[in-house]
$ cat my_file_19.tsv   # TSV, C-alpha atoms
chain	number	residue	atom	x	y	z
A	2	MET	CA	-132.32	-187.01	64.51
A	3	ASP	CA	-133.85	-184.53	66.96
A	4	ALA	CA	-137.64	-184.27	66.84
A	5	CYS	CA	-137.47	-180.49	66.41
A	6	SER	CA	-135.51	-180.84	63.15
A	7	LEU	CA	-138.21	-183.01	61.54
A	8	THR	CA	-141.24	-181.73	59.68
A	9	ARG	CA	-144.65	-182.03	61.28
A	10	ALA	CA	-145.62	-184.73	58.77
A	11	ASP	CA	-142.51	-186.75	59.71
A	12	LEU	CA	-143.34	-186.45	63.40
A	13	VAL	CA	-146.95	-187.51	62.84
A	14	ARG	CA	-145.78	-190.59	60.92
A	15	ARG	CA	-143.37	-191.40	63.74
A	16	GLY	CA	-146.17	-190.95	66.25
A	17	ARG	CA	-148.40	-193.34	64.33
A	18	ARG	CA	-145.66	-195.99	64.27
A	19	LEU	CA	-145.21	-195.60	68.02
A	20	GLU	CA	-148.93	-195.95	68.68
A	21	TYR	CA	-149.25	-198.98	66.39
A	22	PHE	CA	-146.40	-200.55	68.35
A	23	THR	CA	-148.13	-199.59	71.61
A	24	VAL	CA	-151.37	-201.27	70.57
A	25	GLY	CA	-149.65	-204.40	69.24
A	26	TYR	CA	-147.31	-204.80	72.19
A	27	ASN	CA	-150.06	-204.30	74.77
A	28	ILE	CA	-152.32	-206.83	73.07
A	29	LEU	CA	-149.47	-209.36	73.33
A	30	GLU	CA	-148.66	-208.26	76.90
A	31	GLY	CA	-152.29	-208.55	77.91
A	32	LEU	CA	-152.78	-212.02	76.45
A	33	VAL	CA	-149.59	-213.39	78.01
A	34	SER	CA	-150.33	-211.82	81.39
A	35	ILE	CA	-153.93	-213.01	81.58
A	36	LEU	CA	-153.15	-216.56	80.43
A	37	ALA	CA	-150.13	-216.81	82.74
A	38	GLY	CA	-152.15	-215.33	85.60
A	39	LEU	CA	-154.99	-217.79	85.14
A	40	ALA	CA	-152.54	-220.69	84.95
A	41	ALA	CA	-150.73	-219.61	88.12
A	42	GLY	CA	-153.82	-218.38	89.96
A	43	SER	CA	-152.24	-214.91	90.14
A	44	VAL	CA	-154.69	-212.04	90.55
A	45	SER	CA	-151.84	-209.54	90.07
A	46	LEU	CA	-150.91	-210.94	86.66
A	47	VAL	CA	-154.50	-211.03	85.48
A	48	GLY	CA	-154.92	-207.45	86.63
A	49	PHE	CA	-151.74	-206.46	84.81
A	50	GLY	CA	-153.24	-207.93	81.66
A	51	LEU	CA	-156.40	-205.86	82.14
A	52	ASP	CA	-154.23	-202.76	82.45
A	53	SER	CA	-152.87	-203.59	79.00
A	54	ALA	CA	-156.42	-203.24	77.65
A	55	ILE	CA	-156.50	-199.68	79.02
A	56	GLU	CA	-153.20	-199.00	77.23
A	57	VAL	CA	-154.69	-200.31	73.99
A	58	ALA	CA	-157.68	-197.97	74.34
A	59	SER	CA	-155.35	-195.02	74.87
A	60	GLY	CA	-153.22	-196.02	71.87
A	61	VAL	CA	-156.26	-196.31	69.60
A	62	ALA	CA	-157.43	-192.86	70.72
A	63	LEU	CA	-154.03	-191.40	69.84
A	64	LEU	CA	-154.09	-193.04	66.41
A	65	TRP	CA	-157.41	-191.29	65.81
A	66	ARG	CA	-155.88	-188.00	66.93
A	67	LEU	CA	-152.86	-188.37	64.63
A	68	HIS	CA	-155.04	-189.40	61.71
A	69	HIS	CA	-156.73	-185.99	61.87
A	70	ASP	CA	-153.56	-183.98	62.39
A	71	GLN	CA	-153.50	-182.52	58.87
A	72	ASN	CA	-157.09	-181.33	59.20
A	73	LEU	CA	-156.53	-177.85	60.59
A	74	VAL	CA	-160.26	-177.34	61.15
A	75	ARG	CA	-160.71	-180.46	63.28
A	76	ARG	CA	-157.25	-180.80	64.82
A	77	GLU	CA	-157.97	-178.78	67.96
A	78	GLN	CA	-161.34	-180.43	68.56
A	79	VAL	CA	-159.91	-183.94	68.09
A	80	GLU	CA	-156.99	-183.04	70.37
A	81	ARG	CA	-159.37	-182.06	73.20
A	82	ILE	CA	-161.53	-185.16	72.78
A	83	THR	CA	-158.49	-187.46	72.68
A	84	LEU	CA	-157.03	-185.81	75.77
A	85	ARG	CA	-160.27	-186.49	77.63
A	86	ILE	CA	-160.33	-190.11	76.45
A	87	VAL	CA	-156.78	-190.62	77.75
A	88	GLY	CA	-157.85	-188.92	80.99
A	89	VAL	CA	-160.70	-191.40	81.37
A	90	CYS	CA	-158.21	-194.23	80.75
A	91	PHE	CA	-156.14	-192.85	83.62
A	92	PHE	CA	-159.18	-192.93	85.90
A	93	ALA	CA	-159.90	-196.53	84.86
A	94	LEU	CA	-156.30	-197.43	85.66
A	95	ALA	CA	-156.50	-195.72	89.08
A	96	VAL	CA	-159.74	-197.57	89.93
A	97	TYR	CA	-158.25	-200.89	88.83
A	98	ILE	CA	-155.11	-200.42	90.94
A	99	ALA	CA	-157.09	-199.27	94.00
A	100	CYS	CA	-159.47	-202.24	93.82
A	101	GLU	CA	-156.72	-204.74	93.02
A	102	SER	CA	-154.39	-203.54	95.77
A	103	GLY	CA	-157.13	-203.15	98.36
A	104	SER	CA	-158.43	-206.64	97.63
A	105	ALA	CA	-154.94	-208.14	97.93
A	106	LEU	CA	-154.38	-206.44	101.31
A	107	ILE	CA	-157.75	-207.54	102.70
A	108	ARG	CA	-157.41	-211.11	101.50
A	109	HIS	CA	-153.67	-211.39	102.23
A	110	GLU	CA	-153.07	-212.61	98.68
A	111	PRO	CA	-149.32	-212.85	97.85
A	112	PRO	CA	-148.25	-212.56	94.20
A	113	GLU	CA	-147.90	-216.00	92.64
A	114	PRO	CA	-144.67	-216.97	90.78
A	115	SER	CA	-144.99	-217.38	87.03
A	116	ILE	CA	-142.06	-217.56	84.63
A	117	PRO	CA	-144.05	-216.21	81.61
A	118	GLY	CA	-145.42	-213.43	83.82
A	119	ILE	CA	-141.96	-212.50	85.10
A	120	VAL	CA	-140.58	-212.46	81.55
A	121	ILE	CA	-143.31	-210.16	80.16
A	122	ALA	CA	-143.09	-207.85	83.18
A	123	ALA	CA	-139.29	-207.64	82.89
A	124	LEU	CA	-139.57	-206.97	79.15
A	125	SER	CA	-142.05	-204.16	79.82
A	126	VAL	CA	-139.67	-202.56	82.33
A	127	VAL	CA	-137.14	-202.25	79.48
A	128	VAL	CA	-139.44	-201.45	76.55
A	129	MET	CA	-141.92	-199.00	78.11
A	130	PRO	CA	-139.46	-196.26	79.21
A	131	LEU	CA	-137.98	-196.15	75.69
A	132	LEU	CA	-141.45	-195.97	74.18
A	133	ALA	CA	-142.56	-193.23	76.58
A	134	ARG	CA	-139.47	-191.14	75.79
A	135	ALA	CA	-140.05	-191.47	72.04
A	136	LYS	CA	-143.70	-190.45	72.45
A	137	ARG	CA	-142.72	-187.35	74.43
A	138	ARG	CA	-140.38	-186.24	71.67
A	139	VAL	CA	-143.20	-186.46	69.15
A	140	ALA	CA	-145.58	-184.72	71.56
A	141	VAL	CA	-143.15	-181.81	71.92
A	142	GLY	CA	-142.60	-181.65	68.17
A	143	ILE	CA	-146.31	-181.37	67.28
A	144	GLY	CA	-147.41	-179.62	70.47
A	145	SER	CA	-149.85	-182.38	71.46
A	146	GLY	CA	-151.01	-182.54	75.05
A	147	ALA	CA	-152.90	-185.76	74.25
A	148	MET	CA	-149.72	-187.47	73.05
A	149	HIS	CA	-147.86	-186.21	76.11
A	150	ALA	CA	-150.60	-187.63	78.36
A	151	ASP	CA	-150.36	-190.94	76.52
A	152	SER	CA	-146.61	-190.98	77.18
A	153	ARG	CA	-147.40	-190.62	80.88
A	154	GLN	CA	-149.75	-193.60	80.57
A	155	THR	CA	-146.81	-195.55	79.16
A	156	ASP	CA	-144.68	-194.37	82.10
A	157	PHE	CA	-147.24	-195.81	84.50
A	158	CYS	CA	-147.13	-199.12	82.64
A	159	THR	CA	-143.40	-199.13	83.43
A	160	TYR	CA	-144.11	-198.49	87.10
A	161	LEU	CA	-146.74	-201.23	87.23
A	162	SER	CA	-144.32	-203.67	85.61
A	163	ALA	CA	-141.65	-202.78	88.18
A	164	ILE	CA	-144.16	-203.11	91.01
A	165	LEU	CA	-145.21	-206.53	89.76
A	166	LEU	CA	-141.60	-207.72	89.61
A	167	SER	CA	-140.71	-206.17	92.96
A	168	GLY	CA	-143.72	-207.75	94.62
A	169	LEU	CA	-142.77	-211.17	93.33
A	170	LEU	CA	-139.14	-210.80	94.46
A	171	LEU	CA	-139.89	-209.30	97.89
A	172	ASN	CA	-142.49	-211.98	98.56
A	173	ALA	CA	-140.11	-214.77	97.49
A	174	VAL	CA	-137.02	-213.45	99.31
A	175	ALA	CA	-138.38	-211.67	102.39
A	176	GLY	CA	-141.98	-212.85	102.59
A	177	TRP	CA	-143.25	-209.28	102.17
A	178	TRP	CA	-146.53	-210.24	100.49
A	179	TRP	CA	-147.92	-206.74	101.14
A	180	ALA	CA	-145.18	-204.88	99.20
A	181	ASP	CA	-146.95	-205.16	95.84
A	182	PRO	CA	-150.41	-203.84	96.89
A	183	VAL	CA	-148.97	-201.06	99.10
A	184	ALA	CA	-146.80	-199.79	96.25
A	185	GLY	CA	-149.86	-199.87	94.00
A	186	LEU	CA	-151.93	-197.82	96.44
A	187	VAL	CA	-149.20	-195.17	96.60
A	188	MET	CA	-149.57	-194.71	92.83
A	189	VAL	CA	-153.36	-194.26	92.84
A	190	PRO	CA	-153.55	-190.53	93.71
A	191	ILE	CA	-150.77	-189.72	91.22
A	192	ILE	CA	-152.56	-191.52	88.41
A	193	ALA	CA	-155.93	-190.03	89.39
A	194	LYS	CA	-154.45	-186.52	89.18
A	195	GLU	CA	-153.17	-187.24	85.66
A	196	GLY	CA	-156.68	-188.40	84.75
A	197	LEU	CA	-158.26	-185.26	86.22
A	198	ASP	CA	-155.85	-183.03	84.30
A	199	GLY	CA	-156.62	-184.92	81.10
A	200	VAL	CA	-160.39	-184.69	81.49
A	201	ARG	CA	-160.09	-180.98	82.25
A	202	GLY	CA	-157.82	-180.56	79.23
A	203	LYS	CA	-154.92	-179.31	81.34
A	204	ALA	CA	-152.20	-181.56	79.96
A	205	CYS	CA	-149.90	-179.38	77.91
A	206	CYS	CA	-146.84	-179.70	75.79
A	207	ASP	CA	-144.52	-176.93	74.66
A	208	GLY	CA	-144.17	-177.81	71.01
A	209	CYS	CA	-141.19	-176.84	68.87
A	210	ALA	CA	-142.79	-177.58	65.55
A	211	SER	CA	-144.62	-174.98	63.60
A	212	GLU	CA	-148.15	-175.44	62.38

$ encode --input "my_file_19.tsv" --output "structure tokens"
Amino acid sequence: MDACSLTRADLVRRGRRLEYFTVGYNILEGLVSILAGLAAGSVSLVGFGLDSAIEVASGVALLWRLHHDQNLVRREQVERITLRIVGVCFFALAVYIACESGSALIRHEPPEPSIPGIVIAALSVVVMPLLARAKRRVAVGIGSGAMHADSRQTDFCTYLSAILLSGLLLNAVAGWWWADPVAGLVMVPIIAKEGLDGVRGKACCDGCASE
């Protein structure tokens, strides 16, 4: 069913389910990545797990936003605050990627192979695009810039998962140890801009649902 044909209450409930899934999945993703990274001595996997913590923070902020959706008095205020929180999460993600990638380039640290790490990264490449698309539909339906920004955060989780997998494969096949950190550095300004827009409250979403 198209998001625009649902009532606002239906869309909010769908949004909550998506954010609960986001929080739960990223807790699992983070634990697996950090444990696998520590076992394999992989800085990239540990860093990927820390990124999951940022995703959890963003998901919790969106749950707070959706919880107040029926409160017409507070809705706009909560929307602005949540958008700024997601923006800060973007900045944290940009700083993490910049430090992680820069450190890997300086130290010439190739990504380490790890079967659990590869499995969770591959799973995220499949799951995250579907989750991001579903979040955008809800964001459009309720006209929430904060939810739209959170969907972008989920998009970046997809990109990071793909970068992690690509780095492992390119290092194993071609010996291109630098592919992973270089790809990460390319993403930094894009993510930082998303964070700046969020903090400034510029993220927008053309909603199709009425108040």

$ atom_distance --input "my_file_19.tsv" --atom1 "CA of Ile191 in chain A" --atom2 "CA of Leu171 in chain A"
23.4 Å

$ atom_distance --input "my_file_19.tsv" --atom1 "CA of Arg18 in chain A" --atom2 "CA of Val120 in chain A"
24.4 Å

$ residues_around --input "my_file_19.tsv" --residues "Gly25 in chain A" --least-positions-apart "4" --cutoff "12 Å" --atoms "only C-alpha atoms" --output "MDAnalysis selection string"
chainID A and resid 18:21 29:32 53:54 56:58 60:61

$ closest_atom_pairs --input "my_file_19.tsv" --of "range 56-76 of chain A" --to "range 133-151 of chain A" --cutoff "10 Å" --atoms "all atoms listed in the file" --output "JSON lines"
{"residue": "A:Glu56", "atom": "CA", "partner": "A:Asp151", "partner_atom": "CA", "distance": 8.6}
{"residue": "A:Ser59", "atom": "CA", "partner": "A:Asp151", "partner_atom": "CA", "distance": 6.7}
{"residue": "A:Gly60", "atom": "CA", "partner": "A:Asp151", "partner_atom": "CA", "distance": 7.5}
{"residue": "A:Ala62", "atom": "CA", "partner": "A:Ala147", "partner_atom": "CA", "distance": 9.1}
{"residue": "A:Leu63", "atom": "CA", "partner": "A:Met148", "partner_atom": "CA", "distance": 6.7}
{"residue": "A:Leu64", "atom": "CA", "partner": "A:Met148", "partner_atom": "CA", "distance": 9.7}
{"residue": "A:Arg66", "atom": "CA", "partner": "A:Ala147", "partner_atom": "CA", "distance": 8.2}
{"residue": "A:Leu67", "atom": "CA", "partner": "A:Met148", "partner_atom": "CA", "distance": 9.0}
{"residue": "A:Asp70", "atom": "CA", "partner": "A:Ile143", "partner_atom": "CA", "distance": 9.1}

$ atom_distance --input "my_file_19.tsv" --atom1 "CA of Arg85 in chain A" --atom2 "CA of Val200 in chain A"
4.3 Å

$ residues_around --input "my_file_19.tsv" --residues "Glu101 in chain A" --least-positions-apart "5" --cutoff "10 Å" --atoms "all atoms listed in the file" --output "PDB file with C-alpha atoms, keeping the file's coordinate frame"
ATOM      1  CA  VAL A  44    -154.690-212.040  90.550  1.00  0.00           C
ATOM      2  CA  SER A  45    -151.840-209.540  90.070  1.00  0.00           C
ATOM      3  CA  GLY A  48    -154.920-207.450  86.630  1.00  0.00           C
ATOM      4  CA  PHE A  49    -151.740-206.460  84.810  1.00  0.00           C
ATOM      5  CA  ALA A  95    -156.500-195.720  89.080  1.00  0.00           C
ATOM      6  CA  VAL A  96    -159.740-197.570  89.930  1.00  0.00           C
ATOM      7  CA  LEU A 106    -154.380-206.440 101.310  1.00  0.00           C
ATOM      8  CA  PRO A 182    -150.410-203.840  96.890  1.00  0.00           C
ATOM      9  CA  GLY A 185    -149.860-199.870  94.000  1.00  0.00           C
ATOM     10  CA  LEU A 186    -151.930-197.820  96.440  1.00  0.00           C
TER      11      LEU A 186
END

$ closest_residue --input "my_file_19.tsv" --among "A:Gly168, A:Ile107, A:Gly38, A:Phe91" --to "Asp156 in chain A" --atoms "all atoms listed in the file"
A:Phe91

$ closest_residue --input "my_file_19.tsv" --among "A:His68, A:Arg9, A:Arg81, A:Arg15" --to "Arg201 in chain A" --atoms "all atoms listed in the file"
A:Arg81

$ residues_around --input "my_file_19.tsv" --residues "Met129 in chain A" --least-positions-apart "5" --cutoff "10 Å" --atoms "all atoms listed in the file" --output "NGL selection string"
:A and (23 or 26 or 124 or 134-135 or 152 or 154-160 or 162)

$ residues_around --input "my_file_19.tsv" --residues "Leu94 in chain A" --least-positions-apart "2" --cutoff "9 Å" --atoms "only C-alpha atoms" --output "PyMOL selection string"
chain A and resi 52+55+89-92+96-99+189+192-193

$ axis_aligned_box --input "my_file_19.tsv" --around "range 71-88 of chain A" --padding-each-side "4 Å" --output "AutoDock Vina command-line options"
--center_x -157.5 --center_y -184.0 --center_z 69.9 --size_x 16.0 --size_y 21.3 --size_z 30.1

$ closest_residue --input "my_file_19.tsv" --among "A:Val183, A:Trp65, A:Val128, A:Gly199" --to "Gly16 in chain A" --atoms "only C-alpha atoms"
A:Trp65

$ build_atoms --input "my_file_19.tsv" --residues "range 36-61 of chain A" --atoms "N, CA and C atoms" --output "mmCIF file, in the frame of the given file"
data_model
loop_
_atom_site.group_PDB
_atom_site.id
_atom_site.type_symbol
_atom_site.label_atom_id
_atom_site.label_comp_id
_atom_site.auth_asym_id
_atom_site.auth_seq_id
_atom_site.Cartn_x
_atom_site.Cartn_y
_atom_site.Cartn_z
ATOM 1 N N LEU A 36 -153.283 -215.101 80.496
ATOM 2 C CA LEU A 36 -153.150 -216.560 80.430
ATOM 3 C C LEU A 36 -152.208 -217.085 81.509
ATOM 4 N N ALA A 37 -151.077 -216.379 81.699
ATOM 5 C CA ALA A 37 -150.130 -216.810 82.740
ATOM 6 C C ALA A 37 -150.750 -216.641 84.116
ATOM 7 N N GLY A 38 -151.506 -215.562 84.308
ATOM 8 C CA GLY A 38 -152.150 -215.330 85.600
ATOM 9 C C GLY A 38 -153.198 -216.379 85.926
ATOM 10 N N LEU A 39 -153.987 -216.758 84.927
ATOM 11 C CA LEU A 39 -154.990 -217.790 85.140
ATOM 12 C C LEU A 39 -154.344 -219.142 85.443
ATOM 13 N N ALA A 40 -153.243 -219.428 84.744
ATOM 14 C CA ALA A 40 -152.540 -220.690 84.950
ATOM 15 C C ALA A 40 -151.921 -220.769 86.345
ATOM 16 N N ALA A 41 -151.404 -219.632 86.820
ATOM 17 C CA ALA A 41 -150.730 -219.610 88.120
ATOM 18 C C ALA A 41 -151.667 -219.215 89.252
ATOM 19 N N GLY A 42 -152.897 -218.852 88.931
ATOM 20 C CA GLY A 42 -153.820 -218.380 89.960
ATOM 21 C C GLY A 42 -153.394 -217.048 90.530
ATOM 22 N N SER A 43 -152.764 -216.203 89.690
ATOM 23 C CA SER A 43 -152.240 -214.910 90.140
ATOM 24 C C SER A 43 -153.189 -213.781 89.764
ATOM 25 N N VAL A 44 -153.796 -213.165 90.772
ATOM 26 C CA VAL A 44 -154.690 -212.040 90.550
ATOM 27 C C VAL A 44 -153.896 -210.842 90.008
ATOM 28 N N SER A 45 -152.670 -210.672 90.502
ATOM 29 C CA SER A 45 -151.840 -209.540 90.070
ATOM 30 C C SER A 45 -151.537 -209.607 88.575
ATOM 31 N N LEU A 46 -151.214 -210.795 88.086
ATOM 32 C CA LEU A 46 -150.910 -210.940 86.660
ATOM 33 C C LEU A 46 -152.135 -210.733 85.791
ATOM 34 N N VAL A 47 -153.265 -211.248 86.232
ATOM 35 C CA VAL A 47 -154.500 -211.030 85.480
ATOM 36 C C VAL A 47 -154.834 -209.544 85.434
ATOM 37 N N GLY A 48 -154.667 -208.891 86.577
ATOM 38 C CA GLY A 48 -154.920 -207.450 86.630
ATOM 39 C C GLY A 48 -153.971 -206.676 85.740
ATOM 40 N N PHE A 49 -152.726 -207.105 85.682
ATOM 41 C CA PHE A 49 -151.740 -206.460 84.810
ATOM 42 C C PHE A 49 -152.164 -206.591 83.356
ATOM 43 N N GLY A 50 -152.748 -207.740 83.017
ATOM 44 C CA GLY A 50 -153.240 -207.930 81.660
ATOM 45 C C GLY A 50 -154.414 -207.015 81.355
ATOM 46 N N LEU A 51 -155.276 -206.786 82.336
ATOM 47 C CA LEU A 51 -156.400 -205.860 82.140
ATOM 48 C C LEU A 51 -155.904 -204.435 81.956
ATOM 49 N N ASP A 52 -154.824 -204.085 82.642
ATOM 50 C CA ASP A 52 -154.230 -202.760 82.450
ATOM 51 C C ASP A 52 -153.769 -202.584 81.008
ATOM 52 N N SER A 53 -153.304 -203.651 80.390
ATOM 53 C CA SER A 53 -152.870 -203.590 79.000
ATOM 54 C C SER A 53 -154.025 -203.184 78.084
ATOM 55 N N ALA A 54 -155.250 -203.616 78.440
ATOM 56 C CA ALA A 54 -156.420 -203.240 77.650
ATOM 57 C C ALA A 54 -156.649 -201.733 77.715
ATOM 58 N N ILE A 55 -156.386 -201.130 78.879
ATOM 59 C CA ILE A 55 -156.500 -199.680 79.020
ATOM 60 C C ILE A 55 -155.464 -198.997 78.131
ATOM 61 N N GLU A 56 -154.254 -199.551 78.086
ATOM 62 C CA GLU A 56 -153.200 -199.000 77.230
ATOM 63 C C GLU A 56 -153.591 -199.084 75.757
ATOM 64 N N VAL A 57 -154.244 -200.166 75.373
ATOM 65 C CA VAL A 57 -154.690 -200.310 73.990
ATOM 66 C C VAL A 57 -155.721 -199.238 73.654
ATOM 67 N N ALA A 58 -156.659 -198.999 74.567
ATOM 68 C CA ALA A 58 -157.680 -197.970 74.340
ATOM 69 C C ALA A 58 -157.044 -196.600 74.157
ATOM 70 N N SER A 59 -156.050 -196.299 74.975
ATOM 71 C CA SER A 59 -155.350 -195.020 74.870
ATOM 72 C C SER A 59 -154.605 -194.924 73.545
ATOM 73 N N GLY A 60 -153.956 -196.013 73.133
ATOM 74 C CA GLY A 60 -153.220 -196.020 71.870
ATOM 75 C C GLY A 60 -154.130 -195.825 70.669
ATOM 76 N N VAL A 61 -155.301 -196.471 70.690
ATOM 77 C CA VAL A 61 -156.260 -196.310 69.600
ATOM 78 C C VAL A 61 -156.757 -194.872 69.526
#
